[in-house]
Structure formats: structure tokens, C-alpha cells
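**Student:** My questions all concern the structure below.
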Amino acid sequence: MNADSISRRDLLKTGSLATVGSSGLVRAAVALAGDKQDSRLTPFSFHAPQSALDDLNVRLSHTRFPEPETGAGWSEGVPLSELRALVEYWRTRYDWRRCESALNSLSQYRTTIDGLAIHFLHVRSPHPSALPLIITHGWPGSIIEFLGIIEPLTNPTAHGGRAEDAFHVVAPSLPGFAFSDKPVQRGWTVDRIAEAWSDLMRRLGYSRYVAQGGDWGAWVTTRLAQQRPAGLVGVHLNLPLVVPGPILSKNLPTVEQRAAESIRRFQTEDSGYFEEQATKPQTIGYALTDSPAGQAAWLYEQFHAHTDPKSGLSLDQILDDITLYWLTVTAASSARIYFENANLGTNGGIIDLPVGCSIFPHEIYQAPRGWAEACYPHLIYWHELDRGGHFAAFEQPMLFTEELRACFRLLRRGAAQTIPAAPLPRGDPS
């Protein structure tokens with residue numbers, strides 16, 4: 001097989017990226033191929049070839065920047081000075097091998113579900129009574145977001161918790177993201193992904209488990225709960241999908257007015273990426289796949305916009321995520337989740353299972369409890385925090401871990417089997 005004929009599927013069989021051809025372009029990204037009916041769990045690790053990292057460095061060295069923005073701050077997107085600094089750091093100081101080593105220290109697998117090979121982390125707790133948890137990322141995130149929470153969740157006694165708070169953690173990569181296969185046909189909606197996740201948990205032998213999600217992970221987790229697969233006993237969301245249709249801007253309680261203003265601001269000032277990816281993911285994919293600086297800017301803007309400044313994500317953490325997108329050539333395939341689900345709206349509907357919610361102050365909007373109670377008749381846990389943002393697990397790993405412990409403590413064996421919604425205050429009614 002010559003370099004020009006190597007496919008992404010072929011290369012994923014080797015767990016490494018393709019070599020750089022004579023044109024200096026990476027020919028494809030890693031993958032493991034699988035028969036459509038193959039339910040085996042295949043151990044996986046990833047080792048980017050040095051040629052791919054060398055190619056990245058060359059491309060960064062030849063970045064062609066535009067002129068500076070005409071306004072102050074981030075109002076037009078990533079400021080030129082910020083992107084220059086990020087690119088320079090990426091080129092001269094960032095170490096992908098550190099992140100790669102962290103990923104490969106965890107148990108990773110791929111398995112074929114509904115014709116698509118799905119990559120996932122599966123880290124079992126040393127505590128035998130651990131509660132299985134499937135946790136789902138979104139865009140522009142990835143499994144990288146969860147690196148800081150896996151050890152505290154699986155081994156709580158080493159991180160300020162109790163043995164009875166332990167989880168077995170399953171963290172899949174969404175279709176088209178990271179080391180999961182890229183769909184070649186339409187139809188991978190959040191409903192289909194949720195069905196795949198329930199299949200995965202059955203395949204892993206878990207007969208009783210919980211689920212968690214934010215961003216697109218909140219949609220997948222919501223649909224999973226609505227499908228009511230055998231064994232799922234409850235869910236936790238850090239982005240409750242509860243916006244009650246068109247919102248009148250007048251005569252709202254203060255907490256609802258604040259949420260409505262956040263939604264309006266997102267729709268008018270911060271949703272350009274959403275519209276592009278929901279309508280023309282292939283077009284933006286060309287630009288991002290060819291330019292690492294472009295890929296970096298496209299993702300960096302989102303981390304800046306929706307992260308709590310007090311959380312202090314480092315450039316290394318942000319570049320871990322950006323580099324994963326770059327090395328796996330998933331700009332277009334990850335963007336396509338917006339296209340596949342363009343008509344979902346902002347309300348996920350009723351969930352009849354027990355639901356817990358953690359509301360972080362720098363989320364796109366802070367869902368009011370009243371909106372959540374209308375959709376979640378069994379709202380068992382509600383906590384409004386004072387720090388953290390849209391990427392809560394990434395930004396505040398220990399705080400996020402404590403939220404999952406507190407929420408799912410209510411659903412572990414021995415806890416009440418039927419738990420009514422707690423009548424907590426809804427906030428300032430004025």
C-alpha cells in the first residue's frame with residue numbers, strides 16, 4: 001500500500017497517523033476498522049507519528065495572518081495578538097506527547113455499533129460497589145475534558161471522597177470526533193447516538209447505570225433518558241435543555257429575565273459558528289483541515305467565550321483539545337453533528353427518570369429552576385454554583401466531581417427507589 005492510497009480507516013488499524021506525503025500534507029488519520037456485526041471490544045492506544053507533528057510545526061511556521069481587528073477585545077473574534085501568541089506557543093513550547101501519554105495511561109477501546117466504530121475510555125474503579133457512569137462530551141470538546149475527573153470519580157478515597165462514591169467511567173468519543181469513525185452517510189442524530197450508548201453499556205455488561213452530559217452530551221443524555229433503556233436509573237446535566245419555547249422579554253421573574261438575556265446575547269453575538277456548522281459543515285471543514293491556525297482560532301474562540309475566567313484553563317489544556325482535532329482530521333466530521341441536529345431547538349422535552357442539574361455561572365445560559373421543573377418531574381438534585389462555565393469538567397474537575405457524587409448518591413443501591421422532586425426555592429420572584 002503506497003502513501004497515496006492509505007485511508008483513515010487503514011491507518012486507524014495501526015493506531016497512528018499517516019506519513020506525510022511529498023506535498024507535505026498529512027494523508028489521513030488513525031483508525032481501527034471493524035465489521036458491521038463485530039461486537040468485540042478492541043484495546044486502543046494512539047501514537048501520532050513524528051512526521052505528523054513535524055508537518056504541524058511547518059504549517060504553524062508558515063501561518064499567514066490577516067490584518068488586526070478594527071474593534072477592541074474579542075468582539076470580532078479572536079484578536080490577532082491572542083492568536084499569534086497561541087500559535088507561537090503551539091509551535092515552540094507545546095508538547096503533544098505529554099497529552100498522548102496521559103490518554104494512553106487510561107483503558108481505551110473501540111467497538112462497532114450500528115456499523116460505526118466507536119472509541120471510548122473505560123476506566124473501572126477498584127471499589128467493587130462502584131456505580132457505572134457513561135459521560136458524554138460536546139463540541140468543541142472531547143474526551144480531553146474528562147482527564148481531570150476520571151481518577152477522582154473512579155478512585156474517590158484517594159481524592160477526598162468515600163468508597164461508596166466510586167464510579168466505573170465510560171466516556172465515548174462522539175461519532176466523527178477523535179478516534180471514533182466518521183459517518184459516511186447521514187443519520188447520526190442524537191437519538192441514534194443515544195441508542196448506540198445504551199448498546200455500549202449492555203455490551204460492557206452494566207445492568208444498572210447513570211448518565212451525564214453537557215453541550216451535545218446533554219442532548220445525547222436527554223435522549224438516552226427518554227428512550228428508557230433497561231438499566232438506566234437517572235441522569236445528570238450541566239446544561240439543562242429546558243427553554244420554554246419563545247420567551248417574552250417583559251414581566252419575567254428576575255432569574256428568568258437573566259436567562260432570556262443570555263440566550264438573546266448568544267443568538268445575536270456568539271452563534272456564528274453554530275449557523276455555519278449547522279448549514280455548511282463541509283465548507284468550513286476545508287479551511288480548518290488545511291490550516292492549524294484556523295482550527296485553533298475556531299475552537300479557541302469558544303473556550304474564551306464560555307469559560308469562567310477564574311477557572312484558568314492553561315494554554316496546554318486548550319491545545320490538548322485543539323491538537324486532538326488536528327491530528328485526527330475531524331474538523332468537518334465533528335462539525336456535522338450540528339448539521340445532523342439543526343432542528344432540535346432549545347427544549348429537550350420531558351424526562352421521566354430522576355434528573356440532577358448543576359448550574360455553572362459562566363454557562364451559555366443559567367437555566368432557572370422553574371423551567372427545569374416543567375421538564376423534569378423527578379428533579380432530585382439542583383445546585384447553582386459560584387464558579388465554572390460551559391466546560392465544567394475541564395475547568396473545575398474537583399467541583400464537577402463533587403456534583404456527580406452528590407447527585408448520584410441519591411440513586412445508589414440502598415437509597416430511596418422513588419424520589420420526588422425537592423421543593424427548593426426558585427430564586428427571586430421579583
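Each chain in the C-alpha cells gets a letter, A, B and so on, in the order shown; residues start at 1 in every chain, and ligands are counted from 1 in the order they appear.
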Write out, as JSON lines, each residue of range 377-416 of chain A that has an atom at most 12 Å from range 318-328 of chain A, together with the closest pair of atoms and their distance in Å to one decimal, counting only C-alpha atoms, rows going by chain and rising number.

**Tutor:**
```
{"residue": "A:Phe391", "atom": "CA", "partner": "A:Ile318", "partner_atom": "CA", "distance": 11.1}
{"residue": "A:Phe394", "atom": "CA", "partner": "A:Ile318", "partner_atom": "CA", "distance": 9.6}
{"residue": "A:Glu395", "atom": "CA", "partner": "A:Ile318", "partner_atom": "CA", "distance": 10.5}
```

**Student:** Deliver the residues from the most recent selection as a file, using N, CA and C atoms, as a CSV table (one decimal), in the first residue's frame.

**Tutor:**
```
chain,number,residue,atom,x,y,z
A,391,PHE,N,-17.6,24.4,30.1
A,391,PHE,CA,-16.7,23.2,30.1
A,391,PHE,C,-16.4,22.8,31.5
A,394,PHE,N,-13.8,20.2,32.6
A,394,PHE,CA,-12.5,20.6,32.2
A,394,PHE,C,-11.9,21.8,33.1
A,395,GLU,N,-12.8,22.7,33.4
A,395,GLU,CA,-12.5,23.9,34.2
A,395,GLU,C,-12.3,23.6,35.7
```

**Student:** Which residues come within 12 Å of Trp96 in chain A, counting only C-alpha atoms, excluding same-chain residues fewer than 3 positions away, as a PyMOL selection string?

**Tutor:** chain A and resi 46-50+52-54+56-57+90-93+99-103+316-324+326-327

**Student:** I'd like the contact shell of range 130-141 of chain A - 6 Å cut-off, only C-alpha atoms, skipping same-chain residues fewer than 2 positions apart - returned as a list in words.

**Tutor:**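 Returned residues: His127, Pro128, Ala166, Phe167, His168, Val169, Val170, Ala171, Tyr209, Val210, Ala211, Gln212, Gly213, Asp215, Trp216 and Gly217 of chain A.
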
**Student:** In Å, how far is it from CA of Glu403 in chain A to CA of Phe360 in chain A?

**Tutor:**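 So the answer is 10.9 Å.
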
**Student:** Might you pull out every residue within 9 Å of Ser262 in chain A, with only C-alpha atoms counted and same-chain residues fewer than 6 positions away left off, and present them as a PyMOL selection string?

**Tutor:** chain A and resi 364-366

**Student:** Which of these, A:Ser314, A:Arg336, A:Thr268, A:Leu288, has the shortest distance to Ser75 in chain A once you count only C-alpha atoms?

**Tutor:** A:Thr268

**Student:** Mind pulling up the distance from CA of Ala392 in chain A to CA of Ala163 in chain A?

**Tutor:**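 Interatomic distance here is 23.5 Å.
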
**Student:** Got a sec to tell me which of range 214-417 of chain A DSSP assigns to alpha helix (DSSP H), as an MDAnalysis selection string?

**Tutor:** chainID A and resid 216:227 254:265 272:279 281:290 292:306 315:328 331:340 369:375 392:395 397:408

**Student:** Go ahead and compute the interatomic distance for CA of Arg228 in chain A and CA of His390 in chain A, in Å to one decimal.

**Tutor:**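 If I compute the distance from CA of Arg228 in chain A to CA of His390 in chain A, I get 26.5 Å.
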
**Student:** Which residue gives the smallest distance to Phe400 in chain A among A:Gly234, A:Pro43, A:Pro152, A:Gly176, with only C-alpha atoms counted?

**Tutor:**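 Nearest candidate to Phe400 in chain A out of A:Gly234, A:Pro43, A:Pro152, A:Gly176: A:Pro152.
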
**Student:** Which neighbours of Leu411 in chain A fall inside 12 Å, counting only C-alpha atoms, when residues of the same chain fewer than 5 positions from it are skipped, and could you give them as a list in words?

**Tutor:**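 With the cut-off at 12 Å, the set is Leu131, Pro132, Leu133, Glu164, Asp165, Arg208, Tyr209, Val210, Ala211, Leu232, Val233, Gly234, Val235, His236, Leu353, Pro354, Val355, Gly356, Ile380, Tyr381, Leu404, Arg405, Ala406, Ala416, Gln417, Thr418 and Ile419 of chain A.
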
**Student:** Which residue, A:Trp382, A:Ile149, A:Glu76, A:Leu410, has the smallest gap to Gly272 in chain A when you use only C-alpha atoms?

**Tutor:** A:Glu76
